Amino acid sequence: MQWIHSASSYLAISQLVFLACLYLVYFPGKLLSRLIVLFSACITAYILARSMAPMPSELRMVFSMMATLAPAVLWIIARYLFEDHRRIHPVMWGLICAYIAIRMVGLLMYDGSVPRNSAFFLFYFYIPQLVMLFLACHVVYMACRGRDGDLIESRRQVRVPFAIGMGSIVGLIIGTGFFWLGSPQLDSLYFLVVFVLILSVNLAMFRFQNEAPHLIQTAADAPTPKAPVQDNGDIVSRQDQVLIDRILKAMQEERLYAESGLTIGDLAAKVSVQEYRLRRLINQSLHYRNFNQFLNHYRIEEAARRLLDPAEEHIPISSIALDVGYASLSSFNKAFKDTHGVTPSTWRSADQTAVSVLPPTDESRL
């Protein structure tokens, strides 16, 4: 049984090492590459901590501490990979740091004699486990939430497999903390599952190797969305240019963006073009990464103009927000501040020259 346990753990570690090397070689210096290397190291450390190989207790504790980081690192990877506004709220940073600190203290204080139903275990082990479980579930939520509006096809296709694969790995780690008691048979099965999941991720990477740069762009590398006119020097076919003109006409003259709940499928039907082709045109020709970003350009542009129009100063901000296509005032306020750096009420009440020079909020950095 021991040789099966060792073989399965070595197989899993080999795939993790390959995954880390793949990103280091093809995408050196990228933040996402470093995060994936760190995640691979954390999972490797977890496997070593549970292995039957003899090692000093201090080293095993270090490996256990590294394993604690895995859910947080995976959450940051998902945030960086799937969210175009990547700024992490201080509350989330506080939650991550708190659970890691509590778990580290618990590992240092634990001497093996404390019963699992004690208050010590509840505070130092089970509460951090619940936070880790929340992070793993939120990874799945982030990956699935923006799939329909994602304009980067390779990222759109990898969302669900990523959520299932990586989320399952972290879920199994969390499950061991709640239920498993160090059974070699269960550990061997777990390591085999990790091997299969990481192998699947590696195979997916080869499938998307030509599109992979789109998946790992940093905020500085990502192209800035251009004004929706085709004067950027891009070389497009005559047929694509006709479609682009049709899209811009539908948005600028027909105000399709003002339809609340407008989806990319709705727009595709309106302009009589296949949905996949519409995604490609908006992404590659106009450089928008998601459909909401594309809609917000028109909605915020009209709202900003109307808020400064003396003839409409009597119209409530909420009415303007609904009229340009937003379903709620809160979503309008957030989108407006992301674009102009001030709230709609400040924009309306302040001097136009004063507010126009304010930079937009930078939400693309970690």
# chains A, B, ... in the order shown; residues from 1 in each chain; ligands from 1

$ closest_atom_pairs --of "segment 82-101 of chain A" --to "segment 278-302 of chain A" --cutoff "12 Å" --atoms "only C-alpha atoms" --output "tab-separated table"
residue	atom	partner	partner_atom	distance
A:Phe82	CA	A:Asn290	CA	10.1
A:Glu83	CA	A:Asn290	CA	9.5
A:Asp84	CA	A:Arg289	CA	7.4
A:His85	CA	A:Gln293	CA	10.2

$ write_last_selection --atoms "all heavy atoms" --output "compact mmCIF listing (two decimals), in the first residue's frame"
# COMPACT_ATOMS: atom_id res chain seq x y z
N PHE A 82 -10.38 36.29 -14.33
CA PHE A 82 -11.74 36.41 -14.83
C PHE A 82 -12.39 37.77 -14.60
O PHE A 82 -13.42 38.07 -15.21
CB PHE A 82 -12.64 35.33 -14.21
CG PHE A 82 -12.20 33.93 -14.55
CD1 PHE A 82 -11.98 33.00 -13.55
CD2 PHE A 82 -11.99 33.55 -15.85
CE1 PHE A 82 -11.57 31.71 -13.85
CE2 PHE A 82 -11.59 32.26 -16.17
CZ PHE A 82 -11.38 31.35 -15.17
N GLU A 83 -11.82 38.59 -13.73
CA GLU A 83 -12.41 39.90 -13.45
C GLU A 83 -11.58 40.97 -14.16
O GLU A 83 -10.37 41.04 -13.98
CB GLU A 83 -12.42 40.16 -11.94
CG GLU A 83 -13.26 39.17 -11.14
CD GLU A 83 -14.74 39.36 -11.38
OE1 GLU A 83 -15.19 40.53 -11.49
OE2 GLU A 83 -15.48 38.36 -11.45
N ASP A 84 -12.24 41.82 -14.93
CA ASP A 84 -11.52 42.90 -15.60
C ASP A 84 -11.27 44.08 -14.66
O ASP A 84 -10.36 44.86 -14.88
CB ASP A 84 -12.30 43.35 -16.84
CG ASP A 84 -12.30 42.27 -17.91
OD1 ASP A 84 -11.22 41.72 -18.19
OD2 ASP A 84 -13.37 41.97 -18.46
N HIS A 85 -12.09 44.22 -13.63
CA HIS A 85 -11.81 45.16 -12.55
C HIS A 85 -11.21 44.34 -11.41
O HIS A 85 -11.93 43.73 -10.63
CB HIS A 85 -13.08 45.88 -12.09
CG HIS A 85 -13.67 46.75 -13.15
ND1 HIS A 85 -13.07 47.90 -13.59
CD2 HIS A 85 -14.82 46.65 -13.87
CE1 HIS A 85 -13.81 48.48 -14.52
NE2 HIS A 85 -14.87 47.72 -14.73

$ select_by_dssp --residues "segment 11-184 of chain A" --states "alpha helix (DSSP H)" --output "VMD selection string"
chain A and resid 11 to 26 31 to 50 57 to 68 70 to 82 90 to 109 119 to 121 127 to 145 153 to 178 184

$ residues_around --residues "segment 61-77 of chain A" --least-positions-apart "5" --cutoff "7 Å" --atoms "only C-alpha atoms" --output "ChimeraX atom specification"
/A:32,35,39,42-43,45-46,48-49,96,100,104,132,135-136,139,170

$ atom_distance --atom1 "atom CA of Gly106 of chain A" --atom2 "atom CA of Phe123 of chain A"
8.4 Å

$ atom_distance --atom1 "atom CA of Phe125 of chain A" --atom2 "atom CA of Ala101 of chain A"
11.1 Å

$ closest_residue --among "A:Ala143, A:Val271, A:Leu262, A:Ala20" --to "Arg79 of chain A" --atoms "only C-alpha atoms"
A:Ala143

$ residues_around --residues "segment 323-339 of chain A" --least-positions-apart "2" --cutoff "12 Å" --atoms "only C-alpha atoms" --output "CSV table (one decimal) with N, CA and C atoms, in the first residue's frame"
chain,number,residue,atom,x,y,z
A,84,ASP,N,-12.2,41.8,-14.9
A,84,ASP,CA,-11.5,42.9,-15.6
A,84,ASP,C,-11.3,44.1,-14.7
A,85,HIS,N,-12.1,44.2,-13.6
A,85,HIS,CA,-11.8,45.2,-12.6
A,85,HIS,C,-11.2,44.3,-11.4
A,87,ARG,N,-9.2,45.1,-8.8
A,87,ARG,CA,-8.9,45.7,-7.5
A,87,ARG,C,-9.6,44.9,-6.4
A,225,PRO,N,-9.8,50.0,-24.1
A,225,PRO,CA,-10.9,50.1,-25.0
A,225,PRO,C,-10.9,51.4,-25.8
A,251,MET,N,-25.9,50.8,-32.0
A,251,MET,CA,-25.6,51.4,-30.7
A,251,MET,C,-25.8,52.9,-30.7
A,255,ARG,N,-29.7,53.4,-30.3
A,255,ARG,CA,-29.6,53.4,-28.8
A,255,ARG,C,-30.0,52.0,-28.2
A,256,LEU,N,-29.5,50.9,-28.8
A,256,LEU,CA,-29.9,49.6,-28.3
A,256,LEU,C,-29.3,49.4,-26.9
A,257,TYR,N,-28.3,50.2,-26.5
A,257,TYR,CA,-27.7,50.0,-25.2
A,257,TYR,C,-28.7,50.5,-24.1
A,258,ALA,N,-29.7,51.3,-24.5
A,258,ALA,CA,-30.6,51.7,-23.5
A,258,ALA,C,-31.6,50.7,-23.1
A,259,GLU,N,-31.6,49.5,-23.8
A,259,GLU,CA,-32.5,48.4,-23.4
A,259,GLU,C,-31.9,47.7,-22.1
A,260,SER,N,-32.7,47.8,-21.1
A,260,SER,CA,-32.2,47.1,-19.8
A,260,SER,C,-32.1,45.6,-20.0
A,261,GLY,N,-31.0,45.0,-19.6
A,261,GLY,CA,-30.9,43.6,-19.7
A,261,GLY,C,-30.4,43.1,-21.1
A,262,LEU,N,-30.0,44.1,-21.9
A,262,LEU,CA,-29.5,43.7,-23.2
A,262,LEU,C,-28.4,42.7,-23.1
A,263,THR,N,-28.4,41.6,-23.8
A,263,THR,CA,-27.4,40.6,-23.8
A,263,THR,C,-26.7,40.6,-25.2
A,292,ASN,N,-20.4,44.1,-20.8
A,292,ASN,CA,-20.8,45.1,-20.0
A,292,ASN,C,-19.9,46.4,-20.1
A,293,GLN,N,-18.7,46.2,-20.3
A,293,GLN,CA,-17.7,47.3,-20.5
A,293,GLN,C,-18.1,48.0,-21.8
A,294,PHE,N,-18.5,47.2,-22.8
A,294,PHE,CA,-18.9,47.8,-24.1
A,294,PHE,C,-20.2,48.6,-24.0
A,295,LEU,N,-21.2,48.1,-23.2
A,295,LEU,CA,-22.4,48.8,-23.0
A,295,LEU,C,-22.2,50.0,-22.2
A,296,ASN,N,-21.4,49.9,-21.1
A,296,ASN,CA,-21.2,51.0,-20.2
A,296,ASN,C,-20.6,52.2,-20.9
A,297,HIS,N,-19.8,52.0,-22.0
A,297,HIS,CA,-19.2,53.1,-22.7
A,297,HIS,C,-20.3,54.1,-23.2
A,298,TYR,N,-21.3,53.5,-23.8
A,298,TYR,CA,-22.4,54.3,-24.4
A,298,TYR,C,-23.3,54.8,-23.3
A,299,ARG,N,-23.7,54.0,-22.3
A,299,ARG,CA,-24.6,54.4,-21.3
A,299,ARG,C,-24.0,55.6,-20.4
A,300,ILE,N,-22.7,55.4,-20.0
A,300,ILE,CA,-22.1,56.5,-19.2
A,300,ILE,C,-21.9,57.7,-20.0
A,301,GLU,N,-21.5,57.6,-21.3
A,301,GLU,CA,-21.3,58.8,-22.1
A,301,GLU,C,-22.6,59.6,-22.3
A,302,GLU,N,-23.7,58.9,-22.5
A,302,GLU,CA,-25.0,59.7,-22.6
A,302,GLU,C,-25.4,60.2,-21.2
A,303,ALA,N,-25.3,59.5,-20.2
A,303,ALA,CA,-25.6,59.9,-18.8
A,303,ALA,C,-24.8,61.2,-18.4
A,304,ALA,N,-23.5,61.1,-18.7
A,304,ALA,CA,-22.6,62.2,-18.3
A,304,ALA,C,-23.0,63.5,-19.1
A,305,ARG,N,-23.4,63.4,-20.3
A,305,ARG,CA,-23.8,64.5,-21.1
A,305,ARG,C,-25.1,65.1,-20.6
A,306,ARG,N,-26.1,64.2,-20.3
A,306,ARG,CA,-27.4,64.7,-19.8
A,306,ARG,C,-27.3,65.3,-18.4
A,307,LEU,N,-26.4,64.8,-17.6
A,307,LEU,CA,-26.3,65.3,-16.2
A,307,LEU,C,-25.7,66.8,-16.2
A,315,ILE,N,-34.4,66.6,-13.9
A,315,ILE,CA,-34.7,65.1,-14.0
A,315,ILE,C,-33.9,64.4,-13.0
A,316,PRO,N,-34.5,63.6,-12.2
A,316,PRO,CA,-33.7,62.8,-11.1
A,316,PRO,C,-32.6,61.9,-11.8
A,317,ILE,N,-31.5,61.8,-11.0
A,317,ILE,CA,-30.4,60.9,-11.5
A,317,ILE,C,-30.9,59.5,-11.7
A,318,SER,N,-31.8,59.0,-10.9
A,318,SER,CA,-32.3,57.7,-11.0
A,318,SER,C,-33.1,57.5,-12.3
A,319,SER,N,-33.8,58.5,-12.8
A,319,SER,CA,-34.5,58.4,-14.0
A,319,SER,C,-33.6,58.4,-15.2
A,320,ILE,N,-32.5,59.2,-15.2
A,320,ILE,CA,-31.5,59.1,-16.2
A,320,ILE,C,-30.8,57.7,-16.3
A,321,ALA,N,-30.5,57.2,-15.1
A,321,ALA,CA,-29.9,55.9,-15.0
A,321,ALA,C,-30.8,54.8,-15.7
A,341,GLY,N,-14.4,58.8,-12.0
A,341,GLY,CA,-13.8,59.0,-10.7
A,341,GLY,C,-14.6,59.8,-9.7
A,342,VAL,N,-15.8,60.1,-10.1
A,342,VAL,CA,-16.7,60.8,-9.2
A,342,VAL,C,-18.1,60.2,-9.3
A,343,THR,N,-19.0,60.5,-8.3
A,343,THR,CA,-20.3,60.0,-8.4
A,343,THR,C,-21.2,60.9,-9.4
A,344,PRO,N,-22.3,60.4,-9.8
A,344,PRO,CA,-23.1,61.2,-10.7
A,344,PRO,C,-23.6,62.5,-10.1
A,345,SER,N,-23.9,62.4,-8.8
A,345,SER,CA,-24.4,63.7,-8.1
A,345,SER,C,-23.2,64.7,-8.1
A,346,THR,N,-22.0,64.3,-7.8
A,346,THR,CA,-20.9,65.2,-7.8
A,346,THR,C,-20.6,65.7,-9.2
A,347,TRP,N,-20.7,64.9,-10.2
A,347,TRP,CA,-20.5,65.3,-11.6
A,347,TRP,C,-21.6,66.4,-12.0
A,348,ARG,N,-22.8,66.2,-11.6
A,348,ARG,CA,-23.8,67.1,-11.9
A,348,ARG,C,-23.7,68.4,-11.2
A,355,VAL,N,-14.5,68.5,-12.7
A,355,VAL,CA,-14.7,67.1,-12.7
A,355,VAL,C,-14.1,66.4,-13.9
A,356,SER,N,-13.9,67.1,-15.0
A,356,SER,CA,-13.5,66.4,-16.2
A,356,SER,C,-12.0,66.0,-16.2
A,357,VAL,N,-11.2,66.7,-15.3
A,357,VAL,CA,-9.8,66.4,-15.2
A,357,VAL,C,-9.5,65.3,-14.2
A,358,LEU,N,-10.6,64.9,-13.4
A,358,LEU,CA,-10.3,63.9,-12.4
A,358,LEU,C,-10.1,62.5,-13.1
A,359,PRO,N,-9.0,61.8,-12.6
A,359,PRO,CA,-8.8,60.5,-13.3
A,359,PRO,C,-9.8,59.5,-12.8
A,360,PRO,N,-10.1,58.5,-13.7
A,360,PRO,CA,-11.0,57.4,-13.3
A,360,PRO,C,-10.4,56.5,-12.2
A,361,THR,N,-11.2,55.9,-11.5
A,361,THR,CA,-10.8,55.0,-10.4
A,361,THR,C,-10.0,53.9,-11.0
A,362,ASP,N,-8.8,53.6,-10.5
A,362,ASP,CA,-8.0,52.5,-11.0
A,362,ASP,C,-8.4,51.2,-10.3
A,363,GLU,N,-9.2,50.4,-11.0
A,363,GLU,CA,-9.6,49.1,-10.4
A,363,GLU,C,-9.1,47.9,-11.1
A,364,SER,N,-8.0,48.1,-11.8
A,364,SER,CA,-7.4,47.1,-12.6
A,364,SER,C,-6.1,46.5,-12.0

$ residues_around --residues "Ile198 of chain A" --least-positions-apart "2" --cutoff "10 Å" --atoms "only C-alpha atoms" --output "number ranges by chain"
A: 12-16, 18-19, 40, 165-166, 169, 192-196, 200-204

$ write_last_selection --atoms "N, CA, C and O atoms" --output "compact mmCIF listing (two decimals), in the first residue's frame"
# COMPACT_ATOMS: atom_id res chain seq x y z
N ALA A 12 1.13 13.12 -8.98
CA ALA A 12 0.49 14.43 -8.79
C ALA A 12 1.53 15.54 -8.76
O ALA A 12 1.37 16.59 -9.40
N ILE A 13 2.62 15.32 -8.04
CA ILE A 13 3.67 16.34 -7.94
C ILE A 13 4.30 16.60 -9.31
O ILE A 13 4.61 17.74 -9.66
N SER A 14 4.48 15.55 -10.11
CA SER A 14 5.09 15.72 -11.43
C SER A 14 4.25 16.66 -12.31
O SER A 14 4.79 17.49 -13.03
N GLN A 15 2.94 16.52 -12.25
CA GLN A 15 2.07 17.39 -13.04
C GLN A 15 2.07 18.83 -12.52
O GLN A 15 2.00 19.79 -13.29
N LEU A 16 2.16 18.97 -11.20
CA LEU A 16 2.23 20.31 -10.61
C LEU A 16 3.53 21.01 -11.01
O LEU A 16 3.53 22.21 -11.33
N PHE A 18 5.25 20.37 -13.70
CA PHE A 18 5.14 20.66 -15.13
C PHE A 18 4.30 21.91 -15.36
O PHE A 18 4.64 22.76 -16.20
N LEU A 19 3.19 22.05 -14.62
CA LEU A 19 2.33 23.22 -14.75
C LEU A 19 3.10 24.50 -14.40
O LEU A 19 3.03 25.50 -15.12
N SER A 40 0.90 25.99 -7.36
CA SER A 40 1.45 24.64 -7.56
C SER A 40 2.33 24.24 -6.39
O SER A 40 2.30 23.08 -5.93
N GLY A 165 -12.00 22.12 -12.20
CA GLY A 165 -10.71 21.49 -11.90
C GLY A 165 -10.04 22.05 -10.66
O GLY A 165 -9.80 21.32 -9.68
N MET A 166 -9.74 23.34 -10.67
CA MET A 166 -9.04 23.94 -9.54
C MET A 166 -9.91 23.96 -8.29
O MET A 166 -9.42 23.75 -7.18
N ILE A 169 -9.79 20.59 -6.62
CA ILE A 169 -8.54 20.34 -5.90
C ILE A 169 -8.57 21.00 -4.53
O ILE A 169 -8.29 20.37 -3.50
N LEU A 192 -4.37 10.68 -6.74
CA LEU A 192 -4.70 10.28 -8.10
C LEU A 192 -5.68 11.27 -8.74
O LEU A 192 -5.55 11.61 -9.92
N VAL A 193 -6.65 11.73 -7.93
CA VAL A 193 -7.61 12.72 -8.44
C VAL A 193 -6.89 14.02 -8.79
O VAL A 193 -7.14 14.63 -9.83
N VAL A 194 -5.97 14.45 -7.91
CA VAL A 194 -5.20 15.67 -8.18
C VAL A 194 -4.39 15.50 -9.46
O VAL A 194 -4.32 16.42 -10.29
N PHE A 195 -3.78 14.34 -9.63
CA PHE A 195 -3.01 14.07 -10.85
C PHE A 195 -3.88 14.22 -12.09
O PHE A 195 -3.49 14.89 -13.07
N VAL A 196 -5.07 13.62 -12.08
CA VAL A 196 -5.96 13.68 -13.24
C VAL A 196 -6.41 15.12 -13.50
O VAL A 196 -6.43 15.58 -14.65
N SER A 200 -5.44 17.41 -16.74
CA SER A 200 -6.46 18.03 -17.59
C SER A 200 -6.18 19.50 -17.82
O SER A 200 -6.35 20.02 -18.92
N VAL A 201 -5.73 20.20 -16.76
CA VAL A 201 -5.39 21.62 -16.89
C VAL A 201 -4.23 21.79 -17.86
O VAL A 201 -4.22 22.68 -18.72
N ASN A 202 -3.22 20.94 -17.74
CA ASN A 202 -2.06 21.02 -18.64
C ASN A 202 -2.46 20.77 -20.09
O ASN A 202 -1.98 21.45 -21.02
N LEU A 203 -3.33 19.79 -20.31
CA LEU A 203 -3.80 19.52 -21.67
C LEU A 203 -4.60 20.69 -22.22
O LEU A 203 -4.49 21.03 -23.40
N ALA A 204 -5.39 21.33 -21.34
CA ALA A 204 -6.15 22.50 -21.77
C ALA A 204 -5.22 23.64 -22.15
O ALA A 204 -5.50 24.40 -23.09

$ closest_residue --among "A:His340, A:Arg238, A:Arg246, A:His138" --to "Met92 of chain A" --atoms "only C-alpha atoms"
A:His138
